[in-house]
Structure formats: structure tokens, C-alpha cells
$ cat input.tsv   # TSV, C-alpha atoms
chain	number	residue	atom	x	y	z
A	1	MET	CA	93.99	119.76	77.46
A	2	ASP	CA	95.65	121.19	80.57
A	3	GLN	CA	94.02	118.66	82.90
A	4	LEU	CA	93.27	115.09	81.88
A	5	GLU	CA	90.66	112.96	83.60
A	6	VAL	CA	92.21	109.51	83.98
A	7	ARG	CA	89.71	106.67	83.62
A	8	VAL	CA	92.12	103.89	82.77
A	9	PRO	CA	92.16	100.82	85.06
A	10	GLY	CA	95.11	102.31	86.93
A	11	PRO	CA	96.69	104.53	87.94
A	12	THR	CA	93.54	106.27	89.11
A	13	PRO	CA	92.88	109.93	90.01
A	14	LEU	CA	94.21	111.25	93.30
A	15	PRO	CA	91.93	113.07	95.77
A	16	PRO	CA	93.17	116.53	96.81
A	17	GLN	CA	93.80	115.25	100.33
A	18	VAL	CA	96.14	112.56	98.99
A	19	ARG	CA	97.99	115.03	96.78
A	20	GLN	CA	98.46	117.29	99.78
A	21	ALA	CA	99.72	114.41	101.93
A	22	LEU	CA	102.27	113.48	99.26
A	23	SER	CA	103.88	116.90	99.69
A	24	ARG	CA	104.50	116.50	103.42
A	25	PRO	CA	108.13	117.02	104.51
A	26	MET	CA	110.32	113.95	104.45
A	27	VAL	CA	111.06	112.10	107.69
A	28	SER	CA	113.56	109.39	108.50
A	29	HIS	CA	112.20	105.92	107.96
A	30	ARG	CA	113.88	104.99	111.26
A	31	SER	CA	112.07	107.70	113.23
A	32	GLN	CA	109.21	107.34	115.70
A	33	ALA	CA	106.95	109.32	113.38
A	34	PHE	CA	107.47	106.74	110.65
A	35	ARG	CA	107.01	103.84	113.07
A	36	ASP	CA	103.65	105.25	114.10
A	37	LEU	CA	102.67	105.70	110.45
A	38	LEU	CA	103.55	102.16	109.40
A	39	HIS	CA	101.96	100.53	112.41
A	40	GLY	CA	98.75	102.52	111.93
A	41	LEU	CA	98.49	101.63	108.23
A	42	ASP	CA	98.83	97.94	109.02
A	43	LEU	CA	96.04	97.97	111.57
A	44	ARG	CA	93.73	100.09	109.39
A	45	ILE	CA	94.07	97.98	106.23
A	46	ARG	CA	93.53	94.60	107.91
A	47	PRO	CA	89.71	94.95	108.18
A	48	MET	CA	89.48	95.84	104.48
A	49	LEU	CA	91.23	92.57	103.61
A	50	GLY	CA	89.30	90.62	106.20
A	51	THR	CA	92.36	89.45	108.09
A	52	GLN	CA	94.03	89.50	111.46
A	53	GLN	CA	97.41	88.89	109.80
A	54	GLU	CA	99.93	91.70	109.50
A	55	VAL	CA	99.95	93.60	106.21
A	56	LEU	CA	103.41	94.19	104.79
A	57	PHE	CA	104.21	97.24	102.65
A	58	LEU	CA	106.65	96.85	99.78
A	59	THR	CA	107.92	99.74	97.71
A	60	ALA	CA	107.07	98.05	94.43
A	61	SER	CA	104.36	97.80	91.81
A	62	GLY	CA	101.57	95.27	92.01
A	63	THR	CA	103.68	92.95	89.87
A	64	GLY	CA	106.42	93.22	92.47
A	65	GLY	CA	103.90	92.13	95.08
A	66	LEU	CA	102.94	89.13	92.93
A	67	GLU	CA	106.59	88.19	92.55
A	68	ALA	CA	107.02	88.40	96.32
A	69	ALA	CA	104.05	86.07	96.74
A	70	ILE	CA	105.62	83.56	94.35
A	71	CYS	CA	109.24	83.62	95.46
A	72	ASN	CA	108.36	83.21	99.14
A	73	THR	CA	106.09	80.19	98.65
A	74	ILE	CA	107.02	78.44	95.38
A	75	GLU	CA	110.31	76.95	94.25
A	76	ALA	CA	111.66	75.18	91.19
A	77	GLY	CA	109.85	71.93	90.49
A	78	ASP	CA	106.68	72.80	92.41
A	79	ARG	CA	103.47	72.09	90.56
A	80	VAL	CA	101.16	75.10	90.38
A	81	LEU	CA	97.61	75.44	89.04
A	82	SER	CA	96.88	78.74	87.28
A	83	LEU	CA	93.24	79.81	87.01
A	84	SER	CA	93.71	82.21	84.13
A	85	THR	CA	90.93	84.49	82.94
A	86	GLY	CA	93.05	87.00	81.06
A	87	TYR	CA	96.27	88.92	80.64
A	88	PHE	CA	97.04	89.36	84.32
A	89	GLY	CA	96.25	85.76	85.17
A	90	GLU	CA	98.84	84.82	82.56
A	91	ARG	CA	101.31	87.24	84.16
A	92	PHE	CA	100.86	85.66	87.59
A	93	ALA	CA	101.50	82.22	86.11
A	94	GLY	CA	104.46	83.56	84.13
A	95	ILE	CA	106.15	84.72	87.33
A	96	ALA	CA	105.73	81.24	88.81
A	97	ALA	CA	107.19	79.67	85.66
A	98	ARG	CA	110.17	82.04	85.82
A	99	TYR	CA	110.93	80.63	89.27
A	100	GLY	CA	110.91	77.12	87.85
A	101	ALA	CA	107.40	76.02	88.79
A	102	LYS	CA	105.59	73.50	86.62
A	103	VAL	CA	102.43	75.38	85.73
A	104	ASP	CA	99.16	73.70	84.79
A	105	TYR	CA	96.50	75.96	83.33
A	106	LEU	CA	92.74	76.18	83.59
A	107	ARG	CA	91.91	78.92	81.12
A	108	ALA	CA	88.56	80.57	80.52
A	109	ARG	CA	87.46	82.30	77.35
A	110	PRO	CA	87.53	86.12	77.50
A	111	GLY	CA	84.76	87.33	79.77
A	112	ALA	CA	84.19	84.04	81.55
A	113	THR	CA	85.43	82.78	84.90
A	114	VAL	CA	87.03	79.46	85.67
A	115	ASP	CA	84.35	77.05	86.88
A	116	ALA	CA	84.85	75.92	90.48
A	117	GLY	CA	83.79	72.39	89.51
A	118	ALA	CA	86.56	72.26	86.93
A	119	VAL	CA	89.01	73.44	89.59
A	120	ALA	CA	87.90	70.67	91.94
A	121	ALA	CA	88.23	68.09	89.18
A	122	ARG	CA	91.76	69.22	88.33
A	123	LEU	CA	92.83	69.28	91.98
A	124	SER	CA	91.65	65.67	92.33
A	125	THR	CA	94.05	64.51	89.63
A	126	ALA	CA	97.36	65.74	91.09
A	127	SER	CA	99.04	67.35	94.07
A	128	PHE	CA	99.70	71.06	93.63
A	129	ARG	CA	101.82	73.38	95.75
A	130	ALA	CA	99.62	76.39	94.98
A	131	VAL	CA	96.61	77.69	93.09
A	132	LEU	CA	96.90	81.15	91.51
A	133	VAL	CA	93.79	83.26	90.93
A	134	THR	CA	93.15	86.85	89.91
A	135	HIS	CA	90.26	88.43	91.81
A	136	SER	CA	89.38	91.21	89.35
A	137	GLU	CA	90.85	90.46	85.92
A	138	THR	CA	91.75	93.94	84.70
A	139	SER	CA	92.05	92.87	81.06
A	140	THR	CA	88.45	91.63	80.75
A	141	GLY	CA	86.50	93.28	83.57
A	142	VAL	CA	85.68	89.91	85.16
A	143	LEU	CA	85.31	89.37	88.90
A	144	ASN	CA	86.23	85.79	89.72
A	145	PRO	CA	84.13	83.91	92.34
A	146	VAL	CA	86.84	83.70	94.97
A	147	GLY	CA	84.50	82.25	97.58
A	148	GLU	CA	83.62	79.26	95.39
A	149	ILE	CA	87.22	78.75	94.34
A	150	ALA	CA	88.45	78.95	97.92
A	151	ARG	CA	85.88	76.36	98.99
A	152	VAL	CA	87.06	73.72	96.48
A	153	VAL	CA	90.72	74.48	97.22
A	154	ASN	CA	90.07	74.03	100.95
A	155	GLU	CA	88.30	70.74	100.27
A	156	ALA	CA	91.15	69.28	98.18
A	157	SER	CA	92.77	66.23	99.76
A	158	ASN	CA	96.27	67.66	99.34
A	159	ARG	CA	95.25	71.25	100.04
A	160	PRO	CA	97.44	73.66	98.06
A	161	LEU	CA	98.12	77.24	99.02
A	162	LEU	CA	95.69	79.75	97.51
A	163	LEU	CA	97.43	82.88	96.18
A	164	LEU	CA	95.20	85.82	95.26
A	165	ASP	CA	95.97	88.77	93.00
A	166	GLY	CA	93.76	91.50	94.45
A	167	VAL	CA	95.52	94.38	92.72
A	168	SER	CA	92.48	95.82	90.93
A	169	SER	CA	89.80	94.69	93.40
A	170	LEU	CA	90.79	95.34	96.99
A	171	GLY	CA	89.89	98.68	98.45
A	172	ALA	CA	86.61	98.49	96.51
A	173	VAL	CA	85.56	94.84	96.77
A	174	PRO	CA	85.30	93.14	100.18
A	175	LEU	CA	87.44	90.10	100.91
A	176	ALA	CA	87.24	87.74	103.89
A	177	MET	CA	90.82	86.48	103.71
A	178	ASP	CA	90.82	84.61	107.02
A	179	THR	CA	87.31	83.18	106.71
A	180	LEU	CA	87.97	81.90	103.18
A	181	ASN	CA	91.43	80.58	104.10
A	182	VAL	CA	93.16	82.55	101.36
A	183	ASP	CA	96.88	82.08	101.98
A	184	VAL	CA	98.50	85.04	100.22
A	185	VAL	CA	96.78	88.28	99.23
A	186	VAL	CA	98.42	90.98	97.13
A	187	THR	CA	97.08	94.43	96.34
A	188	ALA	CA	98.62	97.71	95.18
A	189	SER	CA	98.25	101.41	95.79
A	190	GLN	CA	97.44	102.81	92.37
A	191	LYS	CA	93.90	101.55	91.91
A	192	ALA	CA	91.04	101.57	94.44
A	193	TRP	CA	93.39	102.76	97.20
A	194	MET	CA	93.65	106.19	95.47
A	195	THR	CA	97.43	106.50	95.89
A	196	PRO	CA	100.17	106.79	93.24
A	197	PRO	CA	101.84	103.65	91.90
A	198	GLY	CA	104.67	102.25	93.97
A	199	LEU	CA	103.22	100.40	96.97
A	200	ALA	CA	102.38	96.71	97.09
A	201	MET	CA	100.58	95.37	100.15
A	202	VAL	CA	100.90	91.68	101.01
A	203	ALA	CA	99.33	89.51	103.71
A	204	LEU	CA	100.10	85.83	104.41
A	205	SER	CA	98.24	83.15	106.35
A	206	ASP	CA	99.96	81.04	108.99
A	207	ARG	CA	100.21	78.20	106.45
A	208	ALA	CA	101.88	80.51	103.95
A	209	TRP	CA	104.35	81.75	106.56
A	210	GLU	CA	105.20	78.15	107.44
A	211	ARG	CA	105.85	77.45	103.76
A	212	ALA	CA	107.91	80.64	103.39
A	213	SER	CA	110.20	79.55	106.21
A	214	GLY	CA	111.29	76.53	104.19
A	215	CYS	CA	111.05	77.89	100.65
A	216	THR	CA	114.43	77.86	98.87
A	217	SER	CA	113.65	80.23	96.00
A	218	PRO	CA	116.24	83.02	95.76
A	219	ARG	CA	115.08	86.39	97.05
A	220	TYR	CA	116.57	89.42	98.74
A	221	TYR	CA	114.55	92.61	98.27
A	222	PHE	CA	111.33	90.56	98.20
A	223	ASP	CA	112.16	88.47	101.26
A	224	LEU	CA	108.90	88.73	103.20
A	225	ALA	CA	110.44	87.21	106.32
A	226	ALA	CA	112.75	90.22	106.48
A	227	ALA	CA	109.76	92.53	106.15
A	228	ARG	CA	107.91	90.62	108.84
A	229	ASP	CA	110.87	90.77	111.21
A	230	SER	CA	111.06	94.55	110.80
A	231	ALA	CA	107.32	95.22	111.08
A	232	PRO	CA	106.96	94.93	114.89
A	233	ARG	CA	109.56	97.71	115.21
A	234	GLY	CA	107.57	99.87	112.81
A	235	GLU	CA	110.28	99.56	110.18
A	236	THR	CA	110.89	98.15	106.75
A	237	PRO	CA	114.10	96.26	105.91
A	238	TRP	CA	114.86	98.54	102.96
A	239	THR	CA	114.21	102.23	102.32
A	240	PRO	CA	110.44	102.64	101.79
A	241	GLY	CA	108.41	105.10	99.75
A	242	VAL	CA	107.70	107.40	102.68
A	243	SER	CA	105.61	109.90	100.71
A	244	LEU	CA	103.49	107.11	99.21
A	245	LEU	CA	102.71	105.85	102.69
A	246	TYR	CA	101.61	109.35	103.70
A	247	GLY	CA	99.35	109.38	100.64
A	248	LEU	CA	97.88	106.01	101.58
A	249	GLU	CA	97.23	107.26	105.09
A	250	ALA	CA	95.18	110.13	103.69
A	251	ALA	CA	93.31	107.82	101.31
A	252	LEU	CA	92.40	105.46	104.13
A	253	GLY	CA	91.08	108.43	106.08
A	254	LEU	CA	88.72	109.24	103.21
A	255	MET	CA	87.58	105.63	102.93
A	256	GLU	CA	86.97	105.39	106.67
A	257	ALA	CA	85.01	108.64	106.66
A	258	GLU	CA	82.79	107.35	103.86
A	259	GLY	CA	82.49	103.91	105.48
A	260	PHE	CA	83.73	100.80	103.74
A	261	GLU	CA	80.22	99.45	103.14
A	262	ARG	CA	79.35	102.70	101.37
A	263	VAL	CA	82.61	102.54	99.40
A	264	THR	CA	81.65	99.07	98.22
A	265	ALA	CA	78.09	100.12	97.38
A	266	ARG	CA	79.33	103.17	95.46
A	267	HIS	CA	81.58	101.03	93.30
A	268	LEU	CA	78.75	98.61	92.53
A	269	ARG	CA	76.38	101.46	91.66
A	270	LEU	CA	78.82	103.33	89.42
A	271	ALA	CA	79.96	100.16	87.67
A	272	ALA	CA	76.34	99.34	86.82
A	273	ARG	CA	75.85	102.84	85.41
A	274	VAL	CA	78.95	102.53	83.23
A	275	ARG	CA	77.86	99.15	81.87
A	276	GLU	CA	74.29	100.28	81.20
A	277	GLY	CA	75.48	103.47	79.52
A	278	LEU	CA	77.91	101.63	77.25
A	279	VAL	CA	75.28	99.10	76.18
A	280	GLN	CA	72.90	101.94	75.33
A	281	LEU	CA	75.64	103.42	73.13
A	282	GLY	CA	76.06	100.18	71.18
A	283	PHE	CA	78.89	98.50	73.05
A	284	SER	CA	78.72	94.89	74.22
A	285	LEU	CA	80.28	93.81	77.48
A	286	VAL	CA	83.16	91.37	77.68
A	287	ALA	CA	82.32	90.05	81.16
A	288	ALA	CA	79.60	87.43	81.40
A	289	PRO	CA	76.45	88.55	83.26
A	290	GLY	CA	76.85	88.16	87.00
A	291	PHE	CA	80.63	88.22	86.91
A	292	GLU	CA	81.27	91.90	86.14
A	293	SER	CA	83.99	93.62	88.12
A	294	PRO	CA	82.93	96.63	90.23
A	295	THR	CA	86.21	98.36	89.36
A	296	VAL	CA	86.84	97.79	85.63
A	297	THR	CA	84.56	97.46	82.62
A	298	ALA	CA	85.74	96.03	79.33
A	299	ALA	CA	83.53	96.35	76.25
A	300	TYR	CA	83.60	95.46	72.57
A	301	LEU	CA	83.20	98.51	70.35
A	302	PRO	CA	80.21	99.34	68.14
A	303	ALA	CA	80.52	98.38	64.49
A	304	GLY	CA	82.60	100.79	62.44
A	305	VAL	CA	84.51	102.27	65.39
A	306	GLU	CA	88.14	101.41	66.09
A	307	ALA	CA	89.54	101.40	69.61
A	308	HIS	CA	92.40	103.73	68.73
A	309	GLN	CA	89.95	106.22	67.22
A	310	LEU	CA	87.86	106.38	70.35
A	311	THR	CA	90.72	106.57	72.86
A	312	ALA	CA	92.46	109.28	70.79
A	313	CYS	CA	89.27	111.33	70.34
A	314	LEU	CA	88.37	111.17	74.01
A	315	GLU	CA	91.80	112.37	75.06
A	316	ARG	CA	92.17	115.03	72.38
A	317	ASP	CA	88.68	116.54	72.42
A	318	PHE	CA	87.33	115.75	75.89
A	319	GLY	CA	90.38	115.40	78.12
A	320	ILE	CA	89.54	111.83	79.18
A	321	GLN	CA	91.90	108.87	79.09
A	322	ILE	CA	90.57	105.34	78.79
A	323	ALA	CA	92.45	102.17	77.88
A	324	GLY	CA	92.37	99.74	74.98
A	325	GLY	CA	92.65	95.98	75.03
A	326	GLN	CA	95.68	93.80	75.69
A	327	ALA	CA	97.10	90.70	74.02
A	328	ASP	CA	94.39	89.00	71.88
A	329	LEU	CA	91.89	91.71	72.76
A	330	LYS	CA	94.12	94.56	71.57
A	331	GLY	CA	92.19	96.75	69.14
A	332	ARG	CA	88.94	94.92	69.88
A	333	ILE	CA	87.84	96.46	73.17
A	334	ILE	CA	88.06	99.48	75.43
A	335	ARG	CA	88.63	99.29	79.19
A	336	ILE	CA	87.37	101.82	81.70
A	337	GLY	CA	88.49	102.09	85.30
A	338	HIS	CA	85.79	103.24	87.73
A	339	MET	CA	87.42	102.82	91.09
A	340	GLY	CA	88.73	104.94	93.90
A	341	TYR	CA	88.18	108.68	93.55
A	342	ILE	CA	85.08	108.69	91.35
A	343	GLY	CA	81.48	109.80	91.73
A	344	GLU	CA	78.20	110.13	89.86
A	345	ASP	CA	79.22	113.32	88.03
A	346	ASN	CA	82.37	111.66	86.71
A	347	VAL	CA	80.38	108.79	85.24
A	348	THR	CA	77.84	111.17	83.70
A	349	ASN	CA	80.63	113.19	82.06
A	350	LEU	CA	82.39	110.04	80.89
A	351	LEU	CA	79.32	108.57	79.18
A	352	ARG	CA	78.34	111.88	77.58
A	353	SER	CA	81.88	112.30	76.30
A	354	ILE	CA	81.92	108.81	74.82
A	355	GLU	CA	78.59	109.49	73.11
A	356	SER	CA	79.94	112.74	71.65
A	357	ALA	CA	83.21	111.10	70.60
A	358	LEU	CA	81.33	108.34	68.76
A	359	ALA	CA	79.33	111.00	66.89
A	360	LEU	CA	82.53	112.81	65.89
A	361	ILE	CA	84.17	109.61	64.68
A	362	ARG	CA	81.16	108.60	62.62
A	363	GLU	CA	80.95	112.06	61.10
A	364	GLU	CA	84.62	111.91	60.12
A	365	VAL	CA	84.25	108.60	58.28
A	366	ARG	CA	81.22	109.66	56.25

$ encode --input "input.tsv" --output "C-alpha cells"
Amino acid sequence: MDQLEVRVPGPTPLPPQVRQALSRPMVSHRSQAFRDLLHGLDLRIRPMLGTQQEVLFLTASGTGGLEAAICNTIEAGDRVLSLSTGYFGERFAGIAARYGAKVDYLRARPGATVDAGAVAARLSTASFRAVLVTHSETSTGVLNPVGEIARVVNEASNRPLLLLDGVSSLGAVPLAMDTLNVDVVVTASQKAWMTPPGLAMVALSDRAWERASGCTSPRYYFDLAAARDSAPRGETPWTPGVSLLYGLEAALGLMEAEGFERVTARHLRLAARVREGLVQLGFSLVAAPGFESPTVTAAYLPAGVEAHQLTACLERDFGIQIAGGQADLKGRIIRIGHMGYIGEDNVTNLLRSIESALALIREEVR
């Protein structure tokens, strides 16, 4: 196939306007043109995160953004509570452990969320520096109830910081960072923001900034205080991905033209269509009812069909890329990204292609 349709959970397809913006001529990252660009992006993204805090732009992957969140707020010996609902929850906790944190885990079975009551009970037993939660767990297609979790964290007697991985949710799922008192929010360019991989966006509450000022964990490139000091001048402390920022500017223009409420509604509508279509084709969903992510669907395969067969057939015969499972779910599920630059026709083509691929696979094994 000359042109593949990418329906993995990231990176996601790029709109033509973003591709065009990426080809703009390079400018100095110390020029007025760049200062205007960076300042504008900050102000335009804040409402989509539900915050008045400045949004910092790191030239890094989403994992780089998560590491920045950890190394600016957590140091060796700190006790951290990980609310893990899958592969990426484990990654977030693993970064904290690498910096010497003592990590306690509340783990949910695949497809479930961590119960807020269980979080409250655990917080009542010990003092924690931070709670780590993944908003949309990309490995299972689960959307965690951040509002409920934030409420019990805020009510804890020794209130820990709440650190949120919003890599595969934000840009499609609303967040009220300030209202919920979420202390650190991380997202990344390559998913619902419709921009190539390479940008992490991070916002901190006043409490998180106060903690960062005294945190002794080693950091240089990921020193958010340095990024914050440069931001009022419209600069970054290190050389940024200028072209990526131009791409993000174009993507935000598309989102603003559509209207963020419509963006959110579109993601909910298309996610429901994907789930319904897969169930009709014999798949069963990983995510528990009511906790499905609007951006990623994970599903167990029909009997007699292997994940590698389906992903290979879709790519070879229909020009569509989807993803398989990770860790314990490897080989057991498929994962489909339906975020960012996607519409009704894309979902129709995807489901028809999966139906045809299943028929081909079953014919081959007869």
C-alpha cells in the first residue's frame, strides 16, 4: 500500500493543514516570531486543560513529560501511591521508582478502574508525597474517573500532590485542572492534538511549583523552573522543536474552528461507533461499561482469530494499521486509536475492513 491509514493509539494521522505548517521555513527560536508563537500556544491550550497556569512546551515524548513531572516534584525516599490500570500506569510508577521513590500500588484488573473508595482508604493509612494516575489508559481503553479520584485526594488529611498522565486523553477529553486541584498535568502532541511525536506539554499548580522549588532530584534538561523562567520572554531554555510548534499551532486552529465542545462530542460519538461495531463482529471490550475511553478502544478477539493475523491482514490488504496488546495482554487484544483527525467515514471504512479481514482469515484457516 502506498498510503497507510494509521489507527493505532498514537501517533495519529496529520491533517493537511498540519502537514503544510510543518514545512514552514525555519526561524530562530530567539526571534520575535517565535516568541509570538510560543506565547500564543500557551494561552490557547490553557482552556483545553481547564487551567490558568502557564503551559510549558518540552521537546520530548509523552514519557519525557512524565519524567519531568516526577523529577520536579518527587525525590528519593518519598512515598508515592500509584493508581495503576495498565501498562502506562506501570510506566509512570516506574519512573518514580527510578528516582528513588517508595511506590505503593493500587492495581485494577485489566479493563477496570481503581475505586475511589479504595484510594481514600489507602490515603488514610499513610502520608504520601504524590498520587499518580493515568487519565486514559492506552493499554486497556479505560478512562479513569479523575473527578472522583481528585475529590478523595483533596480530602486526605495529609494531601498529596496529584499527578495526571493525560497523554492519550487531553485534546479530546475535557479536564478542569484548576477546579479539580490537579497539581501536574502532562499531555503530548502525537495523539488527540494531531501533531507529530516530539512535544510534551506540562502544567503545574501553585502547590506543585512550591514543591518543585525545594525538590532535590537531579535534573537539567527537564528542569521545569528553567522552562518557567524562560516562558515570559517567549523562549525555551533549550533548542525547541520549532516545526512541531508550528504544526501544533495549525492543529489548534482546526480544533478552535470546530469548537472544543464539538471536538469532545465527536470523539464520544465515534468511540461508541467503534465499540458497537466491534461487538457486532464478535469482539468483547476490555474496558468495563461506563469507563470506556473516548480516544482508544481495546478489545479481545473473536475465537479462532489471532491478533497478529488481524493486524497483518489489515495492513497488507486494506492499508490500515491498528495495534496489538502490551505486557500481559500481548496477543490477546487489539487496540484502535480513534482520536484527533478522524471522522465518520474513517470509522465506517475501519469497521468494514475489519469485517473483511476476519472473513479472509477464517477462509485461510479452513

$ closest_atom_pairs --input "input.tsv" --of "segment 181-221 of chain A" --to "segment 129-134 of chain A" --cutoff "10 Å" --atoms "only C-alpha atoms" --output "Markdown table"
| residue | atom | partner | partner_atom | distance |
| --- | --- | --- | --- | --- |
| A:Asp183 | CA | A:Ala130 | CA | 9.4 |
| A:Val184 | CA | A:Leu132 | CA | 9.7 |
| A:Val186 | CA | A:Thr134 | CA | 9.8 |
| A:Arg211 | CA | A:Arg129 | CA | 9.8 |

$ closest_residue --input "input.tsv" --among "A:Leu43, A:Ala126, A:Leu175, A:Val286" --to "Leu301 of chain A" --atoms "only C-alpha atoms"
A:Val286

$ residues_near_point --input "input.tsv" --point "(92.7, 107.5, 80.6)" --cutoff "12 Å" --atoms "all atoms listed in the file" --output "MDAnalysis selection string"
chainID A and resid 3:13 310:316 318:324 334:338 350

$ residues_around --input "input.tsv" --residues "Pro289 of chain A" --least-positions-apart "4" --cutoff "10 Å" --atoms "only C-alpha atoms" --output "number ranges by chain"
A: 111-112, 142, 285

$ closest_residue --input "input.tsv" --among "A:Ile70, A:Leu224, A:Val80, A:Met177" --to "Ser127 of chain A" --atoms "all atoms listed in the file"
A:Val80

$ closest_residue --input "input.tsv" --among "A:Gln326, A:Gln52, A:Ser213, A:Thr195" --to "Arg19 of chain A" --atoms "only C-alpha atoms"
A:Thr195

$ residues_near_point --input "input.tsv" --point "(98.4, 91.7, 93.1)" --cutoff "7 Å" --atoms "only C-alpha atoms" --output "list in words"
Gly62, Thr63, Gly65, Leu66, Asp165, Gly166, Val167, Val186, Thr187 and Ala188 of chain A

$ atom_distance --input "input.tsv" --atom1 "atom CA of Glu249 of chain A" --atom2 "atom CA of Gln20 of chain A"
11.4 Å

$ atom_distance --input "input.tsv" --atom1 "atom CA of Met194 of chain A" --atom2 "atom CA of Ala231 of chain A"
23.5 Å

$ residues_around --input "input.tsv" --residues "Leu281 of chain A" --least-positions-apart "2" --cutoff "8 Å" --atoms "all atoms listed in the file" --output "number ranges by chain"
A: 277-279, 283, 302, 355

$ write_last_selection --input "input.tsv" --atoms "C-alpha atoms" --output "PDB file, in the coordinates of the input"
ATOM      1  CA  GLY A 277      75.480 103.470  79.520  1.00  0.00           C
ATOM      2  CA  LEU A 278      77.910 101.630  77.250  1.00  0.00           C
ATOM      3  CA  VAL A 279      75.280  99.100  76.180  1.00  0.00           C
ATOM      4  CA  PHE A 283      78.890  98.500  73.050  1.00  0.00           C
ATOM      5  CA  PRO A 302      80.210  99.340  68.140  1.00  0.00           C
ATOM      6  CA  GLU A 355      78.590 109.490  73.110  1.00  0.00           C
TER       7      GLU A 355
END

$ closest_atom_pairs --input "input.tsv" --of "segment 199-281 of chain A" --to "segment 83-106 of chain A" --cutoff "12 Å" --atoms "only C-alpha atoms" --output "JSON lines"
{"residue": "A:Cys215", "atom": "CA", "partner": "A:Tyr99", "partner_atom": "CA", "distance": 11.7}
{"residue": "A:Thr216", "atom": "CA", "partner": "A:Tyr99", "partner_atom": "CA", "distance": 10.6}
{"residue": "A:Ser217", "atom": "CA", "partner": "A:Tyr99", "partner_atom": "CA", "distance": 7.3}
{"residue": "A:Pro218", "atom": "CA", "partner": "A:Tyr99", "partner_atom": "CA", "distance": 8.7}
{"residue": "A:Arg219", "atom": "CA", "partner": "A:Tyr99", "partner_atom": "CA", "distance": 10.5}

$ closest_residue --input "input.tsv" --among "A:Met201, A:Ala76, A:Ala120, A:Ala307" --to "Leu358 of chain A" --atoms "all atoms listed in the file"
A:Ala307

$ atom_distance --input "input.tsv" --atom1 "atom CA of Pro16 of chain A" --atom2 "atom CA of Asp345 of chain A"
16.8 Å

$ closest_residue --input "input.tsv" --among "A:Ala299, A:Ala288, A:Leu49, A:Leu170" --to "Val182 of chain A" --atoms "all atoms listed in the file"
A:Leu49

$ closest_residue --input "input.tsv" --among "A:Leu56, A:Glu75, A:Ser82, A:Val114" --to "Glu148 of chain A" --atoms "all atoms listed in the file"
A:Val114

$ closest_atom_pairs --input "input.tsv" --of "segment 184-258 of chain A" --to "segment 33-38 of chain A" --cutoff "9 Å" --atoms "all atoms listed in the file" --output "tab-separated table"
residue	atom	partner	partner_atom	distance
A:Ala231	CA	A:Leu38	CA	8.1
A:Arg233	CA	A:Arg35	CA	7.0
A:Gly234	CA	A:Arg35	CA	4.0
A:Glu235	CA	A:Arg35	CA	6.1
A:Thr236	CA	A:Leu38	CA	8.8
A:Val242	CA	A:Phe34	CA	8.0
A:Leu245	CA	A:Leu38	CA	7.7
A:Tyr246	CA	A:Leu37	CA	7.7
A:Glu249	CA	A:Leu37	CA	7.8

$ residues_around --input "input.tsv" --residues "Asp223 of chain A" --least-positions-apart "2" --cutoff "10 Å" --atoms "all atoms listed in the file" --output "CSV table (one decimal) with C-alpha atoms, keeping the file's coordinate frame"
chain,number,residue,atom,x,y,z
A,68,ALA,CA,107.0,88.4,96.3
A,69,ALA,CA,104.0,86.1,96.7
A,71,CYS,CA,109.2,83.6,95.5
A,72,ASN,CA,108.4,83.2,99.1
A,212,ALA,CA,107.9,80.6,103.4
A,217,SER,CA,113.6,80.2,96.0
A,218,PRO,CA,116.2,83.0,95.8
A,219,ARG,CA,115.1,86.4,97.0
A,220,TYR,CA,116.6,89.4,98.7
A,221,TYR,CA,114.6,92.6,98.3
A,225,ALA,CA,110.4,87.2,106.3
A,226,ALA,CA,112.8,90.2,106.5
A,227,ALA,CA,109.8,92.5,106.2
A,228,ARG,CA,107.9,90.6,108.8
A,237,PRO,CA,114.1,96.3,105.9

$ build_atoms --input "input.tsv" --residues "segment 169-184 of chain A" --atoms "N, CA and C atoms" --output "tab-separated table (two decimals), in the coordinates of the input"
chain	number	residue	atom	x	y	z
A	169	SER	N	91.08	94.90	92.70
A	169	SER	CA	89.80	94.69	93.40
A	169	SER	C	89.80	95.28	94.79
A	170	LEU	N	90.83	95.00	95.57
A	170	LEU	CA	90.79	95.34	96.99
A	170	LEU	C	90.84	96.85	97.20
A	171	GLY	N	90.14	97.26	98.23
A	171	GLY	CA	89.89	98.68	98.45
A	171	GLY	C	88.54	99.10	97.91
A	172	ALA	N	87.95	98.24	97.04
A	172	ALA	CA	86.61	98.49	96.51
A	172	ALA	C	85.71	97.28	96.69
A	173	VAL	N	86.31	96.09	96.66
A	173	VAL	CA	85.56	94.84	96.77
A	173	VAL	C	85.95	94.17	98.08
A	174	PRO	N	84.97	93.78	98.90
A	174	PRO	CA	85.30	93.14	100.18
A	174	PRO	C	85.97	91.79	99.96
A	175	LEU	N	86.82	91.42	100.90
A	175	LEU	CA	87.44	90.10	100.91
A	175	LEU	C	87.49	89.62	102.35
A	176	ALA	N	87.14	88.36	102.56
A	176	ALA	CA	87.24	87.74	103.89
A	176	ALA	C	88.41	86.77	103.85
A	177	MET	N	89.62	87.31	103.88
A	177	MET	CA	90.82	86.48	103.71
A	177	MET	C	90.87	85.34	104.71
A	178	ASP	N	90.69	85.64	105.99
A	178	ASP	CA	90.82	84.61	107.02
A	178	ASP	C	89.68	83.61	106.96
A	179	THR	N	88.46	84.08	106.76
A	179	THR	CA	87.31	83.18	106.71
A	179	THR	C	87.40	82.23	105.53
A	180	LEU	N	87.87	82.72	104.39
A	180	LEU	CA	87.97	81.90	103.18
A	180	LEU	C	89.24	81.06	103.15
A	181	ASN	N	90.13	81.29	104.09
A	181	ASN	CA	91.43	80.58	104.10
A	181	ASN	C	92.24	80.86	102.84
A	182	VAL	N	92.25	82.13	102.42
A	182	VAL	CA	93.16	82.55	101.36
A	182	VAL	C	94.55	82.71	101.98
A	183	ASP	N	95.57	82.15	101.34
A	183	ASP	CA	96.88	82.08	101.98
A	183	ASP	C	97.78	83.27	101.71
A	184	VAL	N	97.71	83.85	100.53
A	184	VAL	CA	98.50	85.04	100.22
A	184	VAL	C	97.61	86.00	99.45
